[in-house]
$ cat final33.cif   # mmCIF, C-alpha atoms and all ligand atoms
data_query
#
loop_
_atom_site.label_atom_id
_atom_site.label_comp_id
_atom_site.auth_asym_id
_atom_site.auth_seq_id
_atom_site.Cartn_x
_atom_site.Cartn_y
_atom_site.Cartn_z
CA MET A 8 13.43 -6.30 35.92
CA PRO A 9 12.68 -2.74 37.00
CA ILE A 10 9.23 -1.45 36.09
CA ARG A 11 9.54 0.56 32.88
CA PRO A 12 7.84 3.97 32.77
CA ALA A 13 5.74 4.86 29.74
CA ARG A 14 7.55 6.24 26.71
CA ARG A 15 5.78 9.55 27.14
CA ILE A 16 7.79 9.86 30.35
CA THR A 17 11.13 8.53 29.18
CA GLN A 18 11.08 10.23 25.79
CA THR A 19 10.40 13.73 27.04
CA ALA A 20 13.04 15.97 28.54
CA PRO A 21 13.33 15.77 32.35
CA LYS A 22 11.61 18.73 33.98
CA ASP A 23 14.08 21.32 35.20
CA PHE A 24 12.82 23.11 38.30
CA GLY A 25 15.46 25.79 37.91
CA MET A 26 16.79 27.80 40.82
CA PHE A 27 13.90 26.67 43.00
CA ALA A 28 15.37 23.16 43.01
CA ARG A 29 18.95 24.38 43.39
CA ALA A 30 18.04 26.50 46.43
CA ALA A 31 15.79 23.93 48.10
CA GLY A 32 16.93 22.80 51.52
CA ARG A 33 19.88 25.21 51.66
CA PRO A 34 20.58 26.57 55.11
CA GLY A 35 20.95 30.28 55.82
CA ASP A 36 18.91 33.42 55.37
CA LEU A 37 17.93 33.13 51.74
CA ILE A 38 15.50 35.60 50.17
CA HIS A 39 13.31 33.70 47.74
CA LEU A 40 12.32 35.68 44.67
CA GLU A 41 12.27 32.78 42.23
CA LEU A 42 8.69 31.50 42.46
CA GLY A 43 5.51 33.34 41.46
CA MET A 44 3.90 32.72 44.84
CA PRO A 45 1.97 35.81 46.02
CA ALA A 46 3.08 37.31 49.35
CA GLU A 47 -0.50 38.36 50.10
CA ASP A 48 -3.03 36.22 51.97
CA THR A 49 -6.29 35.09 50.32
CA PRO A 50 -8.95 37.76 51.07
CA GLN A 51 -11.12 36.96 54.09
CA HIS A 52 -14.50 37.00 52.30
CA ILE A 53 -13.26 34.23 49.99
CA LYS A 54 -12.16 32.10 52.92
CA ASP A 55 -15.43 32.77 54.74
CA ALA A 56 -17.55 31.66 51.78
CA THR A 57 -15.50 28.48 51.45
CA ILE A 58 -15.77 27.65 55.14
CA ALA A 59 -19.53 28.29 55.07
CA ALA A 60 -19.92 25.96 52.08
CA LEU A 61 -17.88 23.27 53.80
CA GLN A 62 -19.86 23.62 57.03
CA GLY A 63 -23.06 23.67 54.99
CA GLY A 64 -22.39 20.24 53.53
CA ALA A 65 -20.92 21.03 50.11
CA VAL A 66 -18.79 17.94 50.43
CA HIS A 67 -20.18 15.74 47.69
CA TYR A 68 -19.67 15.23 43.98
CA SER A 69 -21.08 18.09 41.96
CA ASP A 70 -21.41 19.28 38.37
CA LEU A 71 -18.51 17.89 36.30
CA GLN A 72 -18.00 21.18 34.49
CA GLY A 73 -18.10 23.33 37.64
CA LEU A 74 -20.92 24.63 39.85
CA PRO A 75 -23.58 26.16 37.56
CA GLU A 76 -23.83 29.37 39.66
CA LEU A 77 -20.05 29.80 39.46
CA ARG A 78 -20.00 29.20 35.71
CA ALA A 79 -22.82 31.72 35.28
CA ALA A 80 -20.86 34.33 37.26
CA LEU A 81 -17.71 33.58 35.28
CA ALA A 82 -19.56 33.81 31.96
CA ASP A 83 -20.87 37.20 33.07
CA LYS A 84 -17.34 38.34 33.96
CA LEU A 85 -15.93 36.99 30.68
CA ASN A 86 -18.54 38.86 28.63
CA ARG A 87 -18.23 42.10 30.58
CA ARG A 88 -14.52 42.37 31.33
CA ASN A 89 -12.85 40.22 28.71
CA ARG A 90 -15.43 40.86 25.95
CA ILE A 91 -15.43 37.12 25.23
CA SER A 92 -18.87 36.14 24.13
CA VAL A 93 -19.53 32.84 25.95
CA GLY A 94 -22.35 31.27 27.92
CA ALA A 95 -22.06 29.31 31.17
CA HIS A 96 -22.04 26.09 29.10
CA GLU A 97 -18.77 27.30 27.53
CA VAL A 98 -16.92 27.66 30.84
CA LEU A 99 -15.02 24.82 32.50
CA VAL A 100 -13.76 25.14 36.08
CA THR A 101 -10.30 23.62 36.53
CA ASN A 102 -7.60 22.92 39.11
CA GLY A 103 -5.65 26.08 38.42
CA LEU A 104 -4.51 27.22 35.03
CA THR A 105 -2.16 24.24 35.03
CA GLN A 106 -4.98 21.77 34.60
CA ALA A 107 -6.74 23.94 32.03
CA SER A 108 -3.66 24.00 29.82
CA PHE A 109 -2.98 20.29 30.39
CA ALA A 110 -6.51 19.51 29.20
CA ALA A 111 -6.06 21.78 26.18
CA PHE A 112 -2.80 20.14 25.10
CA MET A 113 -4.14 16.62 25.65
CA ALA A 114 -7.44 17.27 23.92
CA PHE A 115 -6.18 19.01 20.80
CA LEU A 116 -2.69 17.74 19.99
CA ASP A 117 -1.67 14.54 18.30
CA ALA A 118 1.79 13.00 18.27
CA GLY A 119 3.92 14.88 15.76
CA ASP A 120 1.82 18.05 15.79
CA GLU A 121 3.80 21.21 16.28
CA VAL A 122 3.07 23.78 18.95
CA LEU A 123 4.49 27.27 18.68
CA LEU A 124 5.67 28.99 21.86
CA LEU A 125 6.73 32.61 21.90
CA GLU A 126 10.12 32.84 23.58
CA PRO A 127 10.84 33.63 26.39
CA TYR A 128 8.17 31.02 27.18
CA TYR A 129 6.61 29.62 30.34
CA PRO A 130 8.41 26.25 30.73
CA GLN A 131 5.35 24.33 31.97
CA HIS A 132 3.75 24.80 28.57
CA LEU A 133 6.72 23.15 26.95
CA GLY A 134 6.59 20.17 29.32
CA LYS A 135 2.88 19.64 28.81
CA ALA A 136 3.03 19.93 25.03
CA GLU A 137 5.74 17.28 25.03
CA LEU A 138 3.73 14.98 27.31
CA ALA A 139 0.91 15.25 24.79
CA GLY A 140 3.37 14.00 22.16
CA ALA A 141 3.68 17.30 20.32
CA ARG A 142 6.85 18.90 19.02
CA VAL A 143 7.61 22.32 20.46
CA VAL A 144 8.83 25.03 18.09
CA THR A 145 9.85 28.36 19.57
CA ALA A 146 9.68 31.83 18.07
CA PRO A 147 12.25 33.99 19.89
CA LEU A 148 11.14 37.59 20.41
CA ASP A 149 13.61 40.46 20.48
CA ALA A 150 14.73 41.87 23.83
CA ALA A 151 15.81 45.13 22.17
CA ASP A 152 12.22 45.51 20.94
CA GLY A 153 10.72 44.93 24.40
CA PHE A 154 9.86 41.31 23.47
CA ALA A 155 7.05 42.63 21.27
CA ILE A 156 5.09 40.33 18.98
CA ARG A 157 6.26 40.84 15.40
CA ARG A 158 4.86 38.90 12.47
CA ALA A 159 8.29 38.50 10.86
CA LEU A 160 9.58 36.64 13.93
CA ILE A 161 6.65 34.24 14.12
CA GLU A 162 5.36 33.43 10.64
CA PRO A 163 8.56 31.71 9.42
CA ARG A 164 8.20 29.22 12.29
CA ILE A 165 4.77 28.04 11.16
CA THR A 166 4.72 24.83 9.11
CA ALA A 167 2.01 22.56 7.72
CA ARG A 168 2.21 20.64 11.02
CA THR A 169 1.63 23.60 13.32
CA ARG A 170 -1.65 23.09 15.18
CA ALA A 171 -1.50 25.53 18.07
CA LEU A 172 0.16 28.68 19.32
CA VAL A 173 0.54 29.48 23.00
CA LEU A 174 0.21 33.06 24.16
CA VAL A 175 0.91 34.28 27.71
CA ASN A 176 -0.62 37.71 28.17
CA PRO A 177 0.40 39.58 30.34
CA CYS A 178 3.66 37.79 29.76
CA ASN A 179 5.57 35.82 32.33
CA PRO A 180 8.56 36.32 32.33
CA THR A 181 8.90 39.54 30.30
CA GLY A 182 6.20 41.62 32.03
CA ARG A 183 4.85 42.83 28.68
CA VAL A 184 1.13 43.45 28.22
CA TYR A 185 0.53 42.88 24.52
CA ARG A 186 -1.11 45.70 22.57
CA ARG A 187 -4.19 45.09 20.49
CA ASP A 188 -2.17 45.32 17.25
CA GLU A 189 0.25 42.67 18.50
CA LEU A 190 -2.67 40.38 19.30
CA GLN A 191 -4.08 41.09 15.85
CA VAL A 192 -0.85 39.66 14.37
CA ILE A 193 -1.50 36.39 16.22
CA ALA A 194 -5.17 36.45 15.23
CA ASP A 195 -4.29 36.95 11.55
CA LEU A 196 -1.74 34.14 11.63
CA ALA A 197 -4.11 31.80 13.47
CA GLN A 198 -6.84 32.39 10.91
CA ALA A 199 -4.51 32.18 7.91
CA HIS A 200 -2.91 28.92 9.11
CA ASP A 201 -5.93 27.41 10.87
CA LEU A 202 -4.32 27.37 14.33
CA LEU A 203 -5.80 26.95 17.77
CA VAL A 204 -4.65 29.63 20.22
CA LEU A 205 -4.07 28.64 23.84
CA SER A 206 -4.25 31.92 25.69
CA ASP A 207 -2.81 31.90 29.21
CA GLU A 208 -4.21 34.97 30.96
CA VAL A 209 -3.32 34.07 34.53
CA TYR A 210 -2.02 37.65 35.11
CA GLU A 211 -4.97 39.42 33.45
CA GLU A 212 -5.80 41.43 36.58
CA ILE A 213 -2.23 42.50 37.35
CA THR A 214 -1.44 45.40 35.03
CA TYR A 215 0.01 48.82 35.86
CA ASP A 216 -0.06 52.43 34.69
CA GLY A 217 -3.19 51.97 32.61
CA ALA A 218 -1.84 49.10 30.48
CA GLU A 219 -4.97 47.50 29.05
CA HIS A 220 -5.25 43.73 29.10
CA VAL A 221 -7.03 42.53 25.95
CA SER A 222 -8.20 38.94 25.62
CA ILE A 223 -7.33 37.61 22.18
CA ALA A 224 -10.64 35.71 22.03
CA SER A 225 -12.40 39.10 21.89
CA LEU A 226 -10.85 39.85 18.47
CA PRO A 227 -13.04 39.13 15.43
CA GLY A 228 -13.01 35.48 14.37
CA MET A 229 -11.06 34.33 17.43
CA THR A 230 -13.71 33.05 19.87
CA GLU A 231 -14.08 29.78 17.99
CA ARG A 232 -10.32 29.11 17.77
CA THR A 233 -9.15 30.21 21.23
CA ILE A 234 -9.06 28.45 24.56
CA SER A 235 -8.87 31.33 27.05
CA MET A 236 -7.44 30.23 30.39
CA PHE A 237 -7.61 32.05 33.71
CA ALA A 238 -7.05 31.35 37.41
CA PHE A 239 -7.67 32.78 40.84
CA THR A 240 -4.04 31.98 41.62
CA LYS A 241 -2.23 35.29 41.29
CA ALA A 242 -4.70 38.16 41.62
CA TYR A 243 -6.54 36.66 44.60
CA ALA A 244 -3.47 35.05 46.16
CA MET A 245 -5.06 31.60 45.87
CA ASP A 246 -2.13 29.63 44.49
CA GLY A 247 -2.51 26.76 46.94
CA TRP A 248 -6.23 26.45 46.27
CA ARG A 249 -5.62 25.15 42.75
CA LEU A 250 -8.54 26.93 41.16
CA GLY A 251 -8.89 28.23 37.62
CA TYR A 252 -11.18 28.09 34.60
CA LEU A 253 -11.22 28.21 30.87
CA ALA A 254 -13.59 29.60 28.28
CA ALA A 255 -13.99 28.04 24.86
CA ASP A 256 -16.53 27.58 22.11
CA ALA A 257 -19.14 24.91 22.97
CA ALA A 258 -17.64 22.60 20.31
CA LEU A 259 -14.33 22.51 22.20
CA ILE A 260 -15.72 21.90 25.69
CA GLY A 261 -16.56 18.19 25.11
CA PRO A 262 -12.98 17.18 24.19
CA LEU A 263 -11.61 19.23 27.10
CA MET A 264 -13.99 17.56 29.55
CA LYS A 265 -13.01 14.15 28.28
CA VAL A 266 -9.58 14.90 29.72
CA THR A 267 -10.63 16.61 32.95
CA THR A 268 -13.32 14.12 33.95
CA ASN A 269 -10.95 11.21 33.42
CA GLU A 270 -8.22 13.04 35.26
CA VAL A 271 -9.96 14.49 38.32
CA THR A 272 -13.74 14.05 37.82
CA HIS A 273 -14.24 17.70 38.80
CA VAL A 274 -12.83 20.45 40.98
CA ASN A 275 -13.35 20.32 44.78
CA THR A 276 -16.96 21.36 45.44
CA PHE A 277 -16.65 23.68 48.44
CA ILE A 278 -13.72 25.74 47.19
CA GLN A 279 -15.87 26.69 44.21
CA ALA A 280 -17.97 28.68 46.70
CA GLY A 281 -14.79 30.65 47.43
CA ALA A 282 -14.31 31.22 43.71
CA LEU A 283 -17.85 32.56 43.45
CA ALA A 284 -17.16 34.97 46.32
CA ALA A 285 -13.97 36.09 44.57
CA VAL A 286 -15.59 36.79 41.22
CA THR A 287 -18.68 38.49 42.67
CA GLY A 288 -16.88 40.18 45.59
CA PRO A 289 -15.90 43.83 46.12
CA PRO A 290 -13.52 45.03 43.39
CA GLU A 291 -11.63 47.15 45.94
CA VAL A 292 -10.04 44.01 47.36
CA LEU A 293 -8.47 43.18 44.04
CA ALA A 294 -7.50 46.80 43.44
CA GLY A 295 -5.76 46.92 46.84
CA MET A 296 -3.70 43.82 46.07
CA VAL A 297 -2.66 45.20 42.67
CA ALA A 298 -1.77 48.58 44.25
CA ARG A 299 0.56 46.80 46.68
CA ASP A 300 2.14 44.87 43.79
CA ARG A 301 2.63 48.18 41.99
CA ALA A 302 4.52 49.60 44.98
CA ARG A 303 6.70 46.46 45.07
CA ARG A 304 7.34 46.79 41.34
CA ASP A 305 8.34 50.46 41.69
CA LEU A 306 10.78 49.61 44.45
CA VAL A 307 12.43 46.71 42.60
CA VAL A 308 12.61 48.29 39.14
CA ALA A 309 14.11 51.52 40.52
CA ARG A 310 16.70 49.66 42.59
CA LEU A 311 17.67 47.31 39.71
CA ASN A 312 18.32 50.27 37.44
CA GLN A 313 20.83 51.62 39.98
CA MET A 314 22.96 48.46 39.80
CA PRO A 315 26.03 48.56 37.52
CA GLY A 316 25.50 46.66 34.26
CA VAL A 317 21.81 46.06 34.96
CA THR A 318 18.96 47.61 32.98
CA CYS A 319 15.37 46.91 33.86
CA ALA A 320 12.65 47.82 31.37
CA PRO A 321 9.32 49.05 32.76
CA VAL A 322 7.09 46.19 33.92
CA GLU A 323 3.63 46.62 32.42
CA GLY A 324 1.98 43.65 34.08
CA THR A 325 2.60 40.44 36.12
CA ILE A 326 4.63 40.20 39.32
CA TYR A 327 8.04 39.87 37.68
CA ALA A 328 10.91 42.13 36.73
CA PHE A 329 13.06 40.85 33.86
CA PRO A 330 16.27 42.91 33.97
CA ASP A 331 18.91 42.71 31.28
CA ILE A 332 22.28 41.97 32.89
CA SER A 333 24.43 41.93 29.77
CA GLY A 334 26.38 44.94 31.09
CA THR A 335 27.68 42.78 33.95
CA ARG A 336 29.22 40.32 31.45
CA LEU A 337 27.66 37.45 33.40
CA ARG A 338 25.40 34.96 31.66
CA ALA A 339 22.01 34.49 33.28
CA GLN A 340 22.60 31.06 34.82
CA ALA A 341 26.01 32.03 36.21
CA ALA A 342 24.55 35.21 37.68
CA ALA A 343 21.62 33.41 39.31
CA GLU A 344 23.94 30.81 40.83
CA ALA A 345 26.40 33.44 42.08
CA LEU A 346 23.55 35.46 43.61
CA LEU A 347 22.44 32.35 45.48
CA GLU A 348 25.94 31.46 46.67
CA LYS A 349 27.31 34.91 47.43
CA ALA A 350 24.29 37.10 48.15
CA GLY A 351 21.69 34.67 49.48
CA VAL A 352 19.11 35.90 46.95
CA VAL A 353 17.28 33.34 44.84
CA VAL A 354 16.18 34.59 41.44
CA GLU A 355 15.57 32.67 38.23
CA ALA A 356 17.92 32.74 35.25
CA GLY A 357 16.28 34.19 32.14
CA SER A 358 17.62 31.21 30.18
CA PHE A 359 15.14 29.02 32.10
CA TYR A 360 12.56 30.57 29.76
CA GLY A 361 14.58 29.74 26.65
CA PRO A 362 17.80 31.06 25.05
CA ALA A 363 16.13 34.44 24.33
CA GLY A 364 16.48 35.10 28.07
CA ALA A 365 20.20 34.27 28.24
CA HIS A 366 21.06 37.80 29.40
CA HIS A 367 18.20 38.33 31.82
CA LEU A 368 17.15 37.46 35.33
CA ARG A 369 13.56 36.95 36.41
CA ILE A 370 12.82 38.45 39.78
CA CYS A 371 9.45 37.94 41.44
CA PHE A 372 8.59 41.12 43.34
CA GLY A 373 5.07 39.94 44.17
CA CYS A 374 6.28 37.18 46.46
CA ALA A 375 7.91 39.18 49.28
CA GLU A 376 7.07 42.05 51.59
CA PRO A 377 8.71 45.42 50.83
CA ASP A 378 11.29 45.18 53.67
CA ARG A 379 12.53 41.83 52.33
CA LEU A 380 12.59 43.22 48.80
CA GLU A 381 14.72 46.17 50.05
CA GLU A 382 17.07 43.72 51.73
CA ALA A 383 17.27 41.60 48.55
CA MET A 384 18.04 44.69 46.47
CA ASP A 385 20.75 45.76 48.97
CA ARG A 386 22.35 42.34 48.66
CA MET A 387 22.15 42.36 44.86
CA GLN A 388 23.56 45.89 44.74
CA ARG A 389 26.56 44.80 46.83
CA PHE A 390 27.03 41.75 44.63
CA PHE A 391 27.00 43.69 41.35
CA ASN A 392 29.13 46.52 42.80
CA GLY A 393 31.74 43.93 43.72
CA LEU A 394 32.08 42.31 40.28
C1 LIG B 401 2.18 31.97 32.86
C2 LIG B 401 1.67 31.06 33.92
N1 LIG B 401 0.75 30.14 33.61
C3 LIG B 401 0.27 29.29 34.53
C4 LIG B 401 0.72 29.31 35.83
C5 LIG B 401 0.19 28.32 36.80
O1 LIG B 401 -1.04 28.73 37.26
P1 LIG B 401 -1.86 27.87 38.33
O2 LIG B 401 -1.10 27.92 39.61
O3 LIG B 401 -3.18 28.54 38.35
O4 LIG B 401 -1.96 26.48 37.82
C6 LIG B 401 1.68 30.25 36.21
C7 LIG B 401 2.22 30.28 37.59
O5 LIG B 401 3.27 30.80 37.86
C8 LIG B 401 2.17 31.14 35.23
O6 LIG B 401 3.10 32.05 35.52
#

$ encode --input "final33.cif" --output "structure tokens"
Amino acid sequence: MPIRPARRITQTAPKDFGMFARAAGRPGDLIHLELGMPAEDTPQHIKDATIAALQGGAVHYSDLQGLPELRAALADKLNRRNRISVGAHEVLVTNGLTQASFAAFMAFLDAGDEVLLLEPYYPQHLGKAELAGARVVTAPLDAADGFAIRRALIEPRITARTRALVLVNPCNPTGRVYRRDELQVIADLAQAHDLLVLSDEVYEEITYDGAEHVSIASLPGMTERTISMFAFTKAYAMDGWRLGYLAADAALIGPLMKVTTNEVTHVNTFIQAGALAAVTGPPEVLAGMVARDRARRDLVVARLNQMPGVTCAPVEGTIYAFPDISGTRLRAQAAAEALLEKAGVVVEAGSFYGPAGAHHLRICFGCAEPDRLEEAMDRMQRFFNGL
């Protein structure tokens, strides 16, 4: 008899890796714009601090919650920048945002609980909610309205079983940076319906043209019902390091640690020295990386808007453009597959993020150098001209 996997594996939908999986191993000169993998290198001072810690013997087990000096620095940053009032005892260092959200879903959801995702959503959240046994309910936002948060689109989806709402701000894939009044809608609903908010702020540092990133936990009454999740992944180009953190009220940290300590004990000790260097390091480094992302964004958004049938809204934050291709008459998946086959450009179909993205493509401009982005845009232009 074959060994039978657990029901939590067999009874959840298989994970679709989208165009990344379809393009994998293909020969030829493909330009990969499907994954949110920064083109930049990790800044040198972060590497240096990590190497020094490794050479200095930081190779043993350490604090289960994260190095105390790192948590203190993160608490300082959270109070100052995010206006989230937490102490070092309310910070948990994690293996990327992925592990933070996994811990949150596992610690706070029971089988049959409902989790509300704003759509377009980040698919990993769906997979993890399902692994935790929860039922995912989506609240599609309106493309014509810039995928803004509107109470009328969300409240009807809340039932007596809804336990949590997931927010991604700035939003992958739409590139929207939610305004304070939009966040207030979520805060009001969370308080009225006694919901936990899982706030994915992995792109908090990557905003453009003065768009202000507001952490929902900074709104009145929200600190105690929000798990705010961050990572070094995108802004510091540390995706392979697997390093993130969360902030939550002291009462929530115990349940979260029950998951993380059983899962991984704690995060690698010496890379936490790199995290400390990142969070206490010169702000110009971060500003330089964001400035280069802004230039990439300007290039891609301008070029997309020159393509027939394609309209790209301004990107307020993140490293993604989310153009509407309804004028081409192609559906998102068909367009993404044709771009792979005929143009050698790999982009993600908007439908990967739920049906609300059926007429969009998601294009990562943060993952390639400007000359490759130009080449990708030339290829896409030729493809759309030829339809
Ligand atoms: C919205 C969102 N959340 C989480 C992640 C994963 O973050 P990490 O690599 O820190 O686990 C990503 C990566 O693309 C993302 O876009």

$ atom_distance --input "final33.cif" --atom1 "CA of Asp300 in chain A" --atom2 "CA of Gly373 in chain A"
5.7 Å

$ residues_around --input "final33.cif" --residues "Ala345 in chain A" --least-positions-apart "2" --cutoff "12 Å" --atoms "all atoms listed in the file" --output "count of residues only"
26

$ closest_residue --input "final33.cif" --among "A:Lys241, A:Arg336, A:Arg158, A:Lys135" --to "ligand LIG 401 (chain B)" --atoms "only C-alpha atoms and all ligand atoms"
A:Lys241

$ closest_residue --input "final33.cif" --among "A:Phe329, A:Phe372, A:Phe109, A:Tyr68" --to "Arg304 in chain A" --atoms "only C-alpha atoms"
A:Phe372

$ residues_near_ligand --input "final33.cif" --ligand "ligand LIG 401 (chain B)" --cutoff "7 Å" --atoms "only C-alpha atoms and all ligand atoms" --output "count of residues only"
19

$ decode --input "final33.cif" --residues "range 93-117 of chain A" --atoms "N, CA and C atoms" --output "compact mmCIF listing (two decimals), in the first residue's frame"
# COMPACT_ATOMS: atom_id res chain seq x y z
N VAL A 93 4.83 48.84 20.34
CA VAL A 93 5.20 47.51 20.84
C VAL A 93 6.56 47.57 21.53
N GLY A 94 6.79 46.63 22.42
CA GLY A 94 8.10 46.47 23.04
C GLY A 94 8.82 45.30 22.39
N ALA A 95 10.10 45.13 22.75
CA ALA A 95 10.90 44.06 22.16
C ALA A 95 10.28 42.68 22.43
N HIS A 96 9.54 42.57 23.56
CA HIS A 96 8.91 41.28 23.89
C HIS A 96 7.71 40.99 22.98
N GLU A 97 7.33 41.98 22.15
CA GLU A 97 6.19 41.79 21.25
C GLU A 97 6.64 41.67 19.79
N VAL A 98 7.91 41.36 19.61
CA VAL A 98 8.48 41.16 18.27
C VAL A 98 8.96 39.72 18.19
N LEU A 99 8.69 39.08 17.07
CA LEU A 99 9.16 37.71 16.84
C LEU A 99 9.88 37.68 15.50
N VAL A 100 11.14 37.24 15.53
CA VAL A 100 11.94 37.17 14.30
C VAL A 100 11.60 35.85 13.61
N THR A 101 11.40 35.91 12.28
CA THR A 101 10.92 34.73 11.55
C THR A 101 11.75 34.48 10.29
N ASN A 102 11.54 33.31 9.71
CA ASN A 102 12.18 32.97 8.43
C ASN A 102 11.37 33.60 7.30
N GLY A 103 11.59 34.86 7.07
CA GLY A 103 10.84 35.57 6.02
C GLY A 103 9.41 35.84 6.48
N LEU A 104 8.71 36.58 5.64
CA LEU A 104 7.31 36.84 5.96
C LEU A 104 6.50 35.55 5.86
N THR A 105 6.98 34.66 5.00
CA THR A 105 6.29 33.38 4.80
C THR A 105 6.08 32.63 6.10
N GLN A 106 7.12 32.58 6.92
CA GLN A 106 6.96 31.84 8.17
C GLN A 106 6.12 32.61 9.18
N ALA A 107 6.21 33.93 9.13
CA ALA A 107 5.38 34.74 10.03
C ALA A 107 3.90 34.49 9.74
N SER A 108 3.54 34.49 8.47
CA SER A 108 2.12 34.30 8.15
C SER A 108 1.69 32.85 8.40
N PHE A 109 2.58 31.91 8.16
CA PHE A 109 2.26 30.51 8.46
C PHE A 109 1.94 30.36 9.95
N ALA A 110 2.79 30.95 10.78
CA ALA A 110 2.57 30.87 12.23
C ALA A 110 1.24 31.52 12.60
N ALA A 111 0.93 32.64 11.95
CA ALA A 111 -0.31 33.35 12.28
C ALA A 111 -1.53 32.50 11.92
N PHE A 112 -1.51 31.92 10.73
CA PHE A 112 -2.65 31.09 10.33
C PHE A 112 -2.79 29.87 11.25
N MET A 113 -1.65 29.22 11.54
CA MET A 113 -1.71 28.01 12.35
C MET A 113 -2.11 28.30 13.79
N ALA A 114 -1.69 29.45 14.29
CA ALA A 114 -1.94 29.75 15.70
C ALA A 114 -3.36 30.26 15.95
N PHE A 115 -4.00 30.85 14.95
CA PHE A 115 -5.27 31.53 15.24
C PHE A 115 -6.47 31.03 14.46
N LEU A 116 -6.29 29.99 13.63
CA LEU A 116 -7.44 29.51 12.88
C LEU A 116 -7.75 28.06 13.22
N ASP A 117 -9.03 27.79 13.39
CA ASP A 117 -9.48 26.43 13.58
C ASP A 117 -10.15 25.94 12.30
